[in-house]
file entry-v7.tsv (TSV, C-alpha atoms)
chain	number	residue	atom	x	y	z
A	229	MET	CA	-79.29	4.65	-34.56
A	230	PRO	CA	-76.35	6.84	-33.95
A	231	ASN	CA	-76.09	5.29	-30.53
A	232	ASN	CA	-75.52	1.89	-32.10
A	233	LYS	CA	-72.64	3.18	-34.24
A	234	LYS	CA	-70.90	4.62	-31.19
A	235	GLU	CA	-71.29	1.35	-29.39
A	236	GLU	CA	-69.83	-0.49	-32.37
A	237	VAL	CA	-66.84	1.87	-32.41
A	238	GLU	CA	-66.32	1.43	-28.71
A	239	GLU	CA	-66.58	-2.34	-29.03
A	240	THR	CA	-63.93	-2.42	-31.77
A	241	GLY	CA	-61.61	-0.30	-29.59
A	242	VAL	CA	-61.96	-2.83	-26.78
A	243	GLU	CA	-61.22	-5.64	-29.19
A	244	THR	CA	-57.99	-3.96	-30.35
A	245	ASN	CA	-56.88	-3.53	-26.75
A	246	GLU	CA	-57.61	-7.20	-26.08
A	247	THR	CA	-55.59	-8.30	-29.12
A	248	GLU	CA	-52.68	-6.10	-28.06
A	249	ALA	CA	-52.79	-7.65	-24.58
A	250	THR	CA	-52.83	-11.18	-25.97
A	251	GLU	CA	-49.91	-10.36	-28.29
A	252	THR	CA	-47.95	-8.95	-25.33
A	253	ASN	CA	-48.70	-12.06	-23.26
A	254	ALA	CA	-47.59	-14.27	-26.14
A	255	ALA	CA	-44.31	-12.35	-26.49
A	256	GLU	CA	-43.68	-12.63	-22.74
A	257	SER	CA	-44.35	-16.36	-22.77
A	258	LYS	CA	-41.93	-16.80	-25.69
A	259	ALA	CA	-39.27	-14.84	-23.80
A	260	ASP	CA	-39.88	-17.00	-20.72
A	261	ASP	CA	-39.56	-20.13	-22.85
A	262	ASN	CA	-36.28	-18.84	-24.32
A	263	GLN	CA	-34.92	-18.15	-20.84
A	264	VAL	CA	-35.88	-21.64	-19.65
A	265	GLU	CA	-34.22	-23.17	-22.71
A	266	SER	CA	-31.07	-21.10	-22.19
A	267	LYS	CA	-30.96	-22.18	-18.52
A	268	ASN	CA	-31.30	-25.81	-19.53
A	269	THR	CA	-28.55	-25.38	-22.12
A	270	SER	CA	-26.28	-23.62	-19.64
A	271	ASP	CA	-26.91	-26.37	-17.06
A	272	ALA	CA	-25.90	-28.99	-19.60
A	273	ASN	CA	-22.81	-26.98	-20.53
A	274	ALA	CA	-22.02	-26.46	-16.85
A	275	ASN	CA	-22.06	-30.19	-16.23
A	276	GLU	CA	-19.75	-30.80	-19.17
A	277	GLY	CA	-17.31	-27.95	-18.45
A	278	SER	CA	-17.62	-27.53	-14.69
A	279	SER	CA	-13.87	-27.84	-14.32
A	280	GLU	CA	-13.40	-25.08	-16.90
A	281	ASN	CA	-15.81	-22.83	-15.03
A	282	SER	CA	-14.08	-23.47	-11.70
A	283	ILE	CA	-10.69	-22.64	-13.22
A	284	VAL	CA	-12.05	-19.50	-14.85
A	285	SER	CA	-13.76	-18.42	-11.63
A	286	SER	CA	-10.59	-19.00	-9.58
A	287	VAL	CA	-8.54	-16.99	-12.09
A	288	LEU	CA	-11.10	-14.20	-12.01
A	289	GLU	CA	-11.06	-14.14	-8.20
A	290	THR	CA	-7.26	-13.99	-8.16
A	291	VAL	CA	-7.15	-11.18	-10.69
A	292	SER	CA	-9.84	-9.20	-8.90
A	293	SER	CA	-8.04	-9.49	-5.55
A	294	ALA	CA	-4.76	-8.39	-7.16
A	295	VAL	CA	-6.45	-5.43	-8.81
A	296	SER	CA	-8.10	-4.38	-5.55
A	297	SER	CA	-4.80	-4.54	-3.65
A	298	VAL	CA	-3.06	-2.49	-6.34
A	299	ALA	CA	-5.89	0.04	-6.25
A	300	GLU	CA	-5.60	0.35	-2.45
A	301	THR	CA	-1.84	0.87	-2.72
A	302	VAL	CA	-2.25	3.54	-5.37
A	303	VAL	CA	-4.94	5.33	-3.36
A	304	GLY	CA	-2.73	5.29	-0.25
A	305	GLY	CA	0.21	6.68	-2.23
A	306	VAL	CA	-1.91	9.42	-3.75
A	307	GLU	CA	-3.26	10.38	-0.32
A	308	THR	CA	0.29	10.55	1.07
A	309	LEU	CA	1.44	12.63	-1.88
A	310	VAL	CA	-1.49	15.03	-1.59
A	311	SER	CA	-1.01	15.43	2.17
A	312	THR	CA	2.72	16.07	1.64
A	313	VAL	CA	2.11	18.68	-1.04
A	314	THR	CA	-0.72	20.45	0.76
A	315	GLY	CA	0.77	20.11	4.24
A	316	ASP	CA	-2.38	18.50	5.64
A	317	SER	CA	-2.00	15.59	8.00
A	318	GLY	CA	-5.24	14.08	6.68
A	319	GLY	CA	-6.44	13.23	10.17
A	320	GLU	CA	-3.41	11.07	10.87
A	321	GLU	CA	-0.49	12.08	13.04
A	322	SER	CA	2.35	10.80	10.88
A	323	VAL	CA	5.85	12.21	10.89
A	324	ILE	CA	7.49	12.36	7.49
A	325	LYS	CA	11.26	12.76	7.47
A	326	ASN	CA	12.70	14.76	4.62
A	327	GLY	CA	16.12	13.17	4.83
A	328	LYS	CA	18.09	10.48	6.59
A	329	ARG	CA	20.84	11.56	8.92
A	330	ALA	CA	24.17	9.79	8.78
A	331	GLU	CA	24.68	7.17	11.48
A	332	ARG	CA	27.86	5.50	12.69
A	333	VAL	CA	28.56	2.80	15.26
A	334	GLY	CA	31.80	3.01	17.18
A	335	VAL	CA	33.60	2.56	20.47
A	336	VAL	CA	34.10	5.39	22.98
A	337	ALA	CA	37.82	6.20	23.07
A	338	SER	CA	37.73	9.09	25.54
A	339	ASP	CA	35.24	10.57	28.01
A	340	LYS	CA	37.42	13.17	29.75
A	341	MET	CA	35.31	16.12	28.61
A	342	THR	CA	31.98	17.15	30.10
A	343	LYS	CA	29.02	15.92	27.99
A	344	THR	CA	31.39	15.07	25.14
A	345	VAL	CA	32.93	11.76	24.12
A	346	VAL	CA	35.38	10.82	21.41
A	347	VAL	CA	34.05	7.89	19.37
A	348	ARG	CA	36.40	5.76	17.28
A	349	VAL	CA	34.69	4.31	14.20
A	350	ASP	CA	36.48	1.41	12.50
A	351	ARG	CA	35.70	0.32	8.95
A	352	LEU	CA	37.23	-2.10	6.49
A	353	ILE	CA	37.93	-1.11	2.90
A	354	LYS	CA	39.41	-3.09	0.06
A	355	HIS	CA	42.73	-1.77	-1.26
A	356	PRO	CA	42.24	-0.70	-4.88
A	357	ILE	CA	45.45	-2.36	-6.16
A	358	TYR	CA	46.29	-5.20	-3.77
A	359	ARG	CA	42.65	-6.25	-3.10
A	360	LYS	CA	43.34	-6.79	0.58
A	361	TYR	CA	41.15	-5.38	3.33
A	362	ILE	CA	42.57	-2.45	5.26
A	363	ARG	CA	41.28	-1.14	8.58
A	364	ARG	CA	40.52	2.58	8.57
A	365	ARG	CA	39.83	4.48	11.80
A	366	LYS	CA	38.27	7.86	12.28
A	367	LYS	CA	37.51	9.74	15.49
A	368	PHE	CA	34.36	11.78	15.96
A	369	MET	CA	33.58	14.11	18.84
A	370	ALA	CA	29.99	13.53	19.94
A	371	HIS	CA	27.64	15.20	22.40
A	372	ASP	CA	26.77	12.72	25.16
A	373	GLU	CA	23.70	13.10	27.39
A	374	LEU	CA	23.52	9.38	28.15
A	375	GLY	CA	26.78	9.09	30.10
A	376	ALA	CA	28.82	6.73	27.94
A	377	LYS	CA	32.14	5.47	29.34
A	378	ILE	CA	35.36	4.33	27.69
A	379	GLY	CA	34.87	1.03	25.85
A	380	ASP	CA	31.09	1.39	25.37
A	381	LYS	CA	29.77	0.60	21.90
A	382	VAL	CA	27.54	3.53	20.88
A	383	ARG	CA	25.47	4.72	17.94
A	384	ILE	CA	26.07	8.34	16.92
A	385	VAL	CA	24.05	10.43	14.53
A	386	GLU	CA	24.94	13.55	12.58
A	387	THR	CA	23.53	16.83	13.88
A	388	ARG	CA	23.99	20.57	13.59
A	389	PRO	CA	27.35	22.03	14.70
A	390	LEU	CA	27.40	22.08	18.49
A	391	SER	CA	30.94	23.45	18.83
A	392	ALA	CA	34.05	23.95	16.71
A	393	ARG	CA	34.67	20.20	16.31
A	394	LYS	CA	31.48	18.57	17.58
A	395	ARG	CA	28.87	17.68	14.92
A	396	TRP	CA	27.60	14.34	16.22
A	397	ARG	CA	25.53	13.18	19.20
A	398	VAL	CA	25.16	9.87	20.96
A	399	VAL	CA	21.75	8.33	20.30
A	400	GLU	CA	22.06	5.05	22.19
A	401	ILE	CA	24.51	2.90	24.05
A	402	ILE	CA	24.45	-0.44	22.25
A	403	GLN	CA	26.75	-2.37	24.58
A	404	LYS	CA	28.31	-1.42	27.89
A	405	ALA	CA	32.04	-1.96	28.38
A	406	GLU	CA	33.19	-4.88	30.48
A	407	ILE	CA	35.07	-3.59	33.51

call {"tool": "encode", "arguments": {"input": "entry-v7.tsv", "output": "structure tokens"}}
result
Amino acid sequence: MPNNKKEEVEETGVETNETEATETNAAESKADDNQVESKNTSDANANEGSSENSIVSSVLETVSSAVSSVAETVVGGVETLVSTVTGDSGGEESVIKNGKRAERVGVVASDKMTKTVVVRVDRLIKHPIYRKYIRRRKKFMAHDELGAKIGDKVRIVETRPLSARKRWRVVEIIQKAEI
């Protein structure tokens, strides 16, 4: 007889497992039904407000592209800042200038010296009282490796002192003089 009682206990355990399984299947089928209903509802809403969804999606795409471009710009700036502070080139060979040297454009007034030219720079300023434009001229002595002649239009750039009066050098000859 004790064998029968054990069998009865085992049989009831199987029955409880079966009921749990059926309850789980019922819950899953209800969840599936809810999902199908929500899809049908969303399809109906999509048909009614498809223009609203397209506008919203286009706005979201625009905003996301703007955010990504801003993020890329910020990351690039941070990388540049970090490489400047640490002195690393970060794998790129980029030259960073600390300052901008003064540049002037003028006409060569004299070339009688060796490797030196006198450049006349003309500029117009407004008179503070009469409000008329006045021509101001200044002469600079510049180191010349390019061989500029009188009348050439040249670009000069500021440099370290090369002699007592020479603190500029000729960078390029913009226009040759007509002879």

call {"tool": "atom_distance", "arguments": {"input": "entry-v7.tsv", "atom1": "CA of Ile401 in chain A", "atom2": "CA of Val333 in chain A"}}
result
9.7 Å

call {"tool": "closest_residue", "arguments": {"input": "entry-v7.tsv", "among": "A:Ile353, A:Arg397, A:Gly379, A:Ala405", "to": "Ala330 in chain A", "atoms": "all atoms listed in the file"}}
result
A:Arg397

call {"tool": "closest_atom_pairs", "arguments": {"input": "entry-v7.tsv", "of": "range 357-397 of chain A", "to": "range 337-341 of chain A", "cutoff": "9 Å", "atoms": "all atoms listed in the file", "output": "tab-separated table"}}
result
residue	atom	partner	partner_atom	distance
A:Lys367	CA	A:Ala337	CA	8.4
A:Gly375	CA	A:Asp339	CA	8.8
A:Ala376	CA	A:Asp339	CA	7.5
A:Lys377	CA	A:Asp339	CA	6.1
A:Ile378	CA	A:Ala337	CA	5.6
A:Gly379	CA	A:Ala337	CA	6.6
A:Asp380	CA	A:Ala337	CA	8.6

call {"tool": "residues_near_point", "arguments": {"input": "entry-v7.tsv", "point": "(34.9, 4.1, 14.9)", "cutoff": "12 Å", "atoms": "only C-alpha atoms", "output": "list in words"}}
result
Glu331, Arg332, Val333, Gly334, Val335, Val336, Ala337, Val346, Val347, Arg348, Val349, Asp350, Arg351, Leu352, Arg363, Arg364, Arg365, Lys366, Lys367, Phe368, Met369, Ala370, Gly379, Asp380, Lys381, Val382, Arg383 and Ile384 of chain A

call {"tool": "atom_distance", "arguments": {"input": "entry-v7.tsv", "atom1": "CA of Thr312 in chain A", "atom2": "CA of Gly327 in chain A"}}
result
14.1 Å

call {"tool": "atom_distance", "arguments": {"input": "entry-v7.tsv", "atom1": "CA of His371 in chain A", "atom2": "CA of Lys328 in chain A"}}
result
19.1 Å

call {"tool": "closest_residue", "arguments": {"input": "entry-v7.tsv", "among": "A:Glu289, A:Leu374, A:Ser282, A:Ala392", "to": "Lys404 in chain A", "atoms": "all atoms listed in the file"}}
result
A:Leu374

call {"tool": "closest_residue", "arguments": {"input": "entry-v7.tsv", "among": "A:Asn281, A:Ser391, A:Ser297, A:Ser286", "to": "Thr344 in chain A", "atoms": "all atoms listed in the file"}}
result
A:Ser391

call {"tool": "closest_residue", "arguments": {"input": "entry-v7.tsv", "among": "A:His355, A:Arg388, A:Lys343, A:Arg395", "to": "Asp372 in chain A", "atoms": "all atoms listed in the file"}}
result
A:Lys343
